[in-house]
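Dropping input.txt in here (compact mmCIF, C-alpha atoms):
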```
# COMPACT_ATOMS: atom_id res chain seq x y z
CA MET A 1 -0.87 -0.09 -9.96
CA ALA A 2 0.23 -0.61 -13.54
CA ALA A 3 3.08 -2.87 -12.41
CA LEU A 4 0.67 -5.03 -10.38
CA MET A 5 -1.75 -5.31 -13.29
CA GLU A 6 1.06 -6.33 -15.61
CA ALA A 7 2.30 -8.98 -13.16
CA ALA A 8 -1.23 -10.33 -12.62
CA LYS A 9 -1.48 -11.20 -16.33
CA ASP A 10 0.81 -14.17 -15.60
CA PRO A 11 -1.28 -17.06 -14.16
CA GLY A 12 1.74 -18.12 -12.08
CA TYR A 13 1.80 -14.77 -10.29
CA GLY A 14 -0.95 -15.95 -7.95
CA ALA A 15 -2.88 -12.70 -7.55
CA GLU A 16 -5.80 -11.29 -9.46
CA ILE A 17 -6.77 -7.63 -9.31
CA VAL A 18 -10.51 -7.65 -8.66
CA ALA A 19 -11.01 -3.86 -8.60
CA VAL A 20 -9.28 -0.51 -8.27
CA GLY A 21 -10.79 2.13 -6.02
CA THR A 22 -9.90 5.66 -5.07
CA ASP A 23 -11.17 8.70 -3.24
CA ARG A 24 -11.07 11.09 -6.22
CA GLU A 25 -11.93 11.15 -9.89
CA GLY A 26 -9.32 11.13 -12.63
CA THR A 27 -6.50 9.19 -10.97
CA ARG A 28 -3.96 7.40 -13.10
CA GLY A 29 -4.66 4.11 -11.29
CA VAL A 30 -8.34 4.21 -12.27
CA GLU A 31 -7.48 5.13 -15.86
CA VAL A 32 -5.01 2.23 -16.14
CA ALA A 33 -7.53 -0.18 -14.57
CA LYS A 34 -10.33 0.89 -16.91
CA ALA A 35 -8.05 0.44 -19.91
CA ALA A 36 -7.26 -3.07 -18.68
CA GLY A 37 -10.93 -3.94 -18.13
CA VAL A 38 -10.60 -4.05 -14.34
CA PRO A 39 -13.66 -2.80 -12.39
CA THR A 40 -13.17 0.60 -10.75
CA PHE A 41 -14.94 2.70 -8.16
CA VAL A 42 -14.60 6.15 -6.65
CA VAL A 43 -15.73 7.12 -3.15
CA PRO A 44 -15.16 10.90 -3.06
CA PHE A 45 -14.10 12.06 0.38
CA ARG A 46 -15.79 15.42 -0.07
CA SER A 47 -19.16 13.72 -0.53
CA PHE A 48 -19.30 12.77 3.15
CA SER A 49 -19.89 14.81 6.27
CA ASP A 50 -16.98 13.27 8.15
CA ARG A 51 -14.09 10.84 7.89
CA SER A 52 -15.99 8.02 9.61
CA ALA A 53 -18.85 8.12 7.10
CA TRP A 54 -16.38 8.12 4.20
CA ASP A 55 -14.41 5.24 5.73
CA THR A 56 -17.60 3.16 6.12
CA ALA A 57 -18.62 3.86 2.52
CA MET A 58 -15.12 2.96 1.28
CA SER A 59 -15.21 -0.28 3.26
CA ASP A 60 -18.60 -1.18 1.79
CA ARG A 61 -17.41 -0.51 -1.77
CA ILE A 62 -14.29 -2.61 -1.21
CA ALA A 63 -16.41 -5.44 0.20
CA GLU A 64 -18.51 -5.55 -2.97
CA HIS A 65 -15.45 -6.96 -4.76
CA GLU A 66 -14.55 -9.51 -2.03
CA PRO A 67 -10.76 -9.02 -2.09
CA ASP A 68 -8.45 -11.21 -0.05
CA LEU A 69 -6.04 -8.30 0.28
CA VAL A 70 -6.39 -4.54 -0.20
CA VAL A 71 -3.30 -2.83 -1.62
CA SER A 72 -2.87 0.85 -0.86
CA ALA A 73 -0.37 2.22 -3.37
CA GLY A 74 -0.30 5.90 -4.15
CA PHE A 75 -3.44 6.34 -2.04
CA MET A 76 -2.82 9.44 0.05
CA ARG A 77 -5.71 9.16 2.48
CA ILE A 78 -5.69 7.30 5.78
CA LEU A 79 -7.95 4.25 5.79
CA GLY A 80 -9.72 4.07 9.13
CA PRO A 81 -11.27 1.47 11.41
CA ALA A 82 -14.17 0.58 9.10
CA VAL A 83 -11.76 -0.48 6.35
CA ILE A 84 -8.97 -1.89 8.50
CA GLY A 85 -11.33 -3.73 10.82
CA ARG A 86 -12.98 -5.48 7.87
CA HIS A 87 -10.23 -5.90 5.25
CA GLN A 88 -6.61 -7.01 5.44
CA ALA A 89 -4.62 -4.21 3.79
CA VAL A 90 -1.03 -3.37 2.92
CA ASN A 91 0.60 -0.04 2.16
CA ILE A 92 3.81 0.96 0.40
CA HIS A 93 5.70 3.85 2.01
CA PRO A 94 8.75 5.76 0.69
CA ALA A 95 10.95 5.44 3.79
CA LEU A 96 12.44 2.81 6.04
CA LEU A 97 9.77 2.74 8.73
CA PRO A 98 9.52 3.44 11.58
CA SER A 99 11.56 6.46 10.42
CA PHE A 100 9.72 9.22 8.57
CA PRO A 101 6.06 8.17 8.64
CA GLY A 102 3.42 10.35 7.02
CA ALA A 103 2.88 12.15 3.75
CA HIS A 104 6.29 13.87 3.49
CA ALA A 105 8.67 10.99 4.09
CA VAL A 106 11.14 11.80 1.31
CA ARG A 107 11.31 15.48 2.22
CA ASP A 108 11.68 14.60 5.91
CA ALA A 109 14.49 12.12 5.23
CA LEU A 110 16.43 14.70 3.21
CA ALA A 111 15.90 17.38 5.86
CA HIS A 112 17.20 15.00 8.51
CA GLY A 113 20.35 14.35 6.51
CA VAL A 114 20.14 10.56 6.32
CA ARG A 115 22.51 8.82 3.92
CA ILE A 116 20.20 5.84 3.41
CA THR A 117 16.44 5.82 3.11
CA GLY A 118 14.26 3.41 1.17
CA THR A 119 10.84 1.91 1.02
CA THR A 120 8.68 -0.25 3.28
CA ILE A 121 5.64 -2.40 2.62
CA HIS A 122 3.58 -2.99 5.74
CA PHE A 123 0.18 -4.11 6.91
CA LEU A 124 -2.14 -1.28 7.83
CA ASP A 125 -3.23 -0.74 11.38
CA GLU A 126 -5.03 2.21 12.95
CA GLY A 127 -1.86 4.31 13.20
CA VAL A 128 -0.06 6.26 10.50
CA ASP A 129 2.51 4.02 8.79
CA SER A 130 2.81 2.00 11.99
CA GLY A 131 1.62 -1.50 11.03
CA PRO A 132 3.70 -4.68 10.98
CA ILE A 133 6.48 -4.50 8.40
CA ILE A 134 6.50 -7.08 5.63
CA ASP A 135 9.60 -6.00 3.69
CA GLN A 136 12.02 -3.11 3.28
CA VAL A 137 14.59 -2.11 0.66
CA ALA A 138 17.28 0.51 1.20
CA VAL A 139 17.93 3.32 -1.27
CA PRO A 140 21.08 5.45 -0.85
CA VAL A 141 20.75 9.21 -0.72
CA GLU A 142 23.12 10.65 -3.31
CA ASP A 143 24.94 13.97 -3.10
CA GLY A 144 22.83 16.55 -4.88
CA ASP A 145 19.55 14.65 -4.41
CA ASP A 146 16.45 16.74 -4.12
CA GLU A 147 13.02 15.48 -3.15
CA SER A 148 12.05 14.73 -6.76
CA SER A 149 15.19 12.83 -7.78
CA LEU A 150 15.28 10.75 -4.61
CA HIS A 151 11.56 9.96 -4.78
CA GLU A 152 11.89 8.79 -8.40
CA ARG A 153 14.65 6.33 -7.43
CA ILE A 154 12.55 5.09 -4.50
CA LYS A 155 9.53 4.58 -6.80
CA VAL A 156 11.54 2.24 -9.04
CA VAL A 157 12.37 0.08 -6.02
CA GLU A 158 8.80 0.36 -4.67
CA ARG A 159 7.24 -1.01 -7.86
CA ARG A 160 9.46 -4.07 -7.87
CA MET A 161 9.00 -4.69 -4.13
CA LEU A 162 5.22 -4.23 -4.34
CA VAL A 163 4.89 -6.72 -7.19
CA ASP A 164 7.16 -9.27 -5.48
CA THR A 165 5.53 -8.93 -2.06
CA VAL A 166 1.90 -9.02 -3.20
CA GLY A 167 2.69 -12.07 -5.35
CA ARG A 168 4.28 -13.88 -2.42
CA LEU A 169 1.40 -12.99 -0.09
CA ALA A 170 -1.08 -14.34 -2.66
CA ARG A 171 0.84 -17.53 -3.38
CA GLU A 172 2.14 -18.36 0.10
CA GLY A 173 -0.23 -16.63 2.49
CA TRP A 174 1.06 -14.99 5.65
CA SER A 175 0.91 -14.94 9.40
CA ILE A 176 1.26 -12.05 11.80
CA ASP A 177 2.55 -12.63 15.31
CA GLY A 178 2.61 -9.30 17.14
CA ARG A 179 4.71 -7.10 14.86
CA HIS A 180 6.33 -9.99 13.01
CA VAL A 181 5.07 -10.94 9.55
CA ARG A 182 5.99 -14.32 8.09
CA PHE A 183 5.24 -15.68 4.65
CA GLY A 184 3.32 -18.96 4.75
CA ARG A 185 0.47 -20.02 6.94
CA THR A 186 0.91 -20.95 10.59
CA ASP A 187 -1.34 -21.62 13.53
CA THR A 188 -1.52 -18.00 14.73
CA LYS A 189 -4.91 -16.36 14.82
CA GLU A 190 -3.91 -13.65 12.35
CA ASN A 191 -2.99 -15.87 9.42
CA ARG A 192 -4.27 -15.88 5.87
```

Turn the structure described in the file into structure tokens.
Amino acid sequence: MAALMEAAKDPGYGAEIVAVGTDREGTRGVEVAKAAGVPTFVVPFRSFSDRSAWDTAMSDRIAEHEPDLVVSAGFMRILGPAVIGRHQAVNIHPALLPSFPGAHAVRDALAHGVRITGTTIHFLDEGVDSGPIIDQVAVPVEDGDDESSLHERIKVVERRMLVDTVGRLAREGWSIDGRHVRFGRTDTKENR
């Protein structure tokens, strides 16, 4: 989040951060946003009787800020149909999807013995880390890597890729044709 806020200070970047929201109090993203004067909101998951009610409340809070794009970065809760059906959203994931979806991607990649993993930015759909892929960057697995060391190297790449990709989406727009994402606007029905 901090990297996106820093990039957005440049008028040529093309994106403005209109708000930062989360599902729990005290997150670093909210603290950084508050310090930068960016509006924040919290929709605590535990305040709702079920996932659907929380998802609807989250969607409503997002809508109050009228974003063109929702960026899920470091957000470890699945956004459901109320959010995804109403807001275009992207997610950053610490693996080369479709391999190793879910919350333990780095651990799963190491357990599987891969020599290359990486990071993926993709549009959200109703599955888990299954939406159309926008970009991917490979990160080699080094001898002696543990989950922490590998994840730290992936995070460095993720920050750069997230800033670059969100900027391009804001400046150029995008189109989605099936599972294929293209920068720039076209005549498909899923373009922005």

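Distance check against A:His65 using all atoms listed in the file: of A:Arg51, A:Glu25, A:Arg46, A:Val18, the minimum falls on A:Val18.
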
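The list of residues with at least one atom within 6 Å of stretch 118-135 of chain A, based on all atoms listed in the file and without residues fewer than 5 positions apart in the same chain, reads Ala89, Val90, Asn91, Ile92, His93, Pro94, Ala95, Leu96, Pro101, Arg179 and Val181 of chain A.
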
* Long-range neighbours of A:Val156 as a list of chain:residue names, 12 Å cut-off, all atoms listed in the file, 5 positions minimum in chain -> A:Ala3, A:Pro94, A:Gly118, A:Thr119, A:Val137, A:Ala138, A:Val139, A:Ser149, A:Leu150, A:His151, A:Met161, A:Leu162, A:Val163

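Using only C-alpha atoms, the shortest contact distance between A:Ala7 and any of A:Arg159, A:Gly178, A:Arg185, A:Pro67 is found at A:Arg159.
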
* **Closest of A:Ile62, A:Asp68, A:Glu147, A:Arg86 to A:His104 - atom-to-atom distances counting all atoms listed in the file** => A:Glu147

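Pairwise distance (atom CA of A:Ile78, atom CA of A:Pro44) equals 13.4 Å.
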
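Between atom CA of A:Ile84 and atom CA of A:Glu152 the separation is 28.9 Å.
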
* To do: Select, from A:Pro11, A:Gly113, A:Gly21, A:Gly85, the residue with the minimum atom-to-atom distance to A:Val71, counting all atoms listed in the file.
  => A:Gly21

Selection: 7 Å around stretch 165-169 of chain A, only C-alpha atoms, excl. self and same-chain fewer than 2 positions, as an mmCIF file with C-alpha atoms, keeping the file's coordinate frame:
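Written file, part08.cif:
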```cif
data_model
loop_
_atom_site.group_PDB
_atom_site.id
_atom_site.type_symbol
_atom_site.label_atom_id
_atom_site.label_comp_id
_atom_site.auth_asym_id
_atom_site.auth_seq_id
_atom_site.Cartn_x
_atom_site.Cartn_y
_atom_site.Cartn_z
ATOM 1 C CA TYR A 13 1.800 -14.770 -10.290
ATOM 2 C CA GLY A 14 -0.950 -15.950 -7.950
ATOM 3 C CA ALA A 15 -2.880 -12.700 -7.550
ATOM 4 C CA MET A 161 9.000 -4.690 -4.130
ATOM 5 C CA LEU A 162 5.220 -4.230 -4.340
ATOM 6 C CA VAL A 163 4.890 -6.720 -7.190
ATOM 7 C CA ARG A 171 0.840 -17.530 -3.380
ATOM 8 C CA GLU A 172 2.140 -18.360 0.100
ATOM 9 C CA GLY A 173 -0.230 -16.630 2.490
ATOM 10 C CA TRP A 174 1.060 -14.990 5.650
ATOM 11 C CA PHE A 183 5.240 -15.680 4.650
#
```

* Distance of atom CA of A:Thr40 from atom CA of A:Ile17, expressed in Å to one decimal place -> 10.5 Å

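The shortest atom-to-atom distance to A:Ala36, with all atoms listed in the file taken into account, belongs to A:Glu6 out of A:Glu64, A:Pro98, A:Glu6, A:Asp177.
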
List every protein, DNA or RNA residue that has an atom no more than 12 Å from (-16.1, -2.3, -1.2) in the file's coordinate frame, counting all atoms listed in the file, and report them as a compact mmCIF listing (two decimals) with C-alpha atoms, in the coordinates of the input.
```
# COMPACT_ATOMS: atom_id res chain seq x y z
CA VAL A 18 -10.51 -7.65 -8.66
CA ALA A 19 -11.01 -3.86 -8.60
CA VAL A 20 -9.28 -0.51 -8.27
CA GLY A 21 -10.79 2.13 -6.02
CA THR A 22 -9.90 5.66 -5.07
CA PRO A 39 -13.66 -2.80 -12.39
CA THR A 40 -13.17 0.60 -10.75
CA PHE A 41 -14.94 2.70 -8.16
CA VAL A 42 -14.60 6.15 -6.65
CA VAL A 43 -15.73 7.12 -3.15
CA TRP A 54 -16.38 8.12 4.20
CA ASP A 55 -14.41 5.24 5.73
CA THR A 56 -17.60 3.16 6.12
CA ALA A 57 -18.62 3.86 2.52
CA MET A 58 -15.12 2.96 1.28
CA SER A 59 -15.21 -0.28 3.26
CA ASP A 60 -18.60 -1.18 1.79
CA ARG A 61 -17.41 -0.51 -1.77
CA ILE A 62 -14.29 -2.61 -1.21
CA ALA A 63 -16.41 -5.44 0.20
CA GLU A 64 -18.51 -5.55 -2.97
CA HIS A 65 -15.45 -6.96 -4.76
CA GLU A 66 -14.55 -9.51 -2.03
CA PRO A 67 -10.76 -9.02 -2.09
CA ASP A 68 -8.45 -11.21 -0.05
CA LEU A 69 -6.04 -8.30 0.28
CA VAL A 70 -6.39 -4.54 -0.20
CA ALA A 82 -14.17 0.58 9.10
CA VAL A 83 -11.76 -0.48 6.35
CA ARG A 86 -12.98 -5.48 7.87
CA HIS A 87 -10.23 -5.90 5.25
```
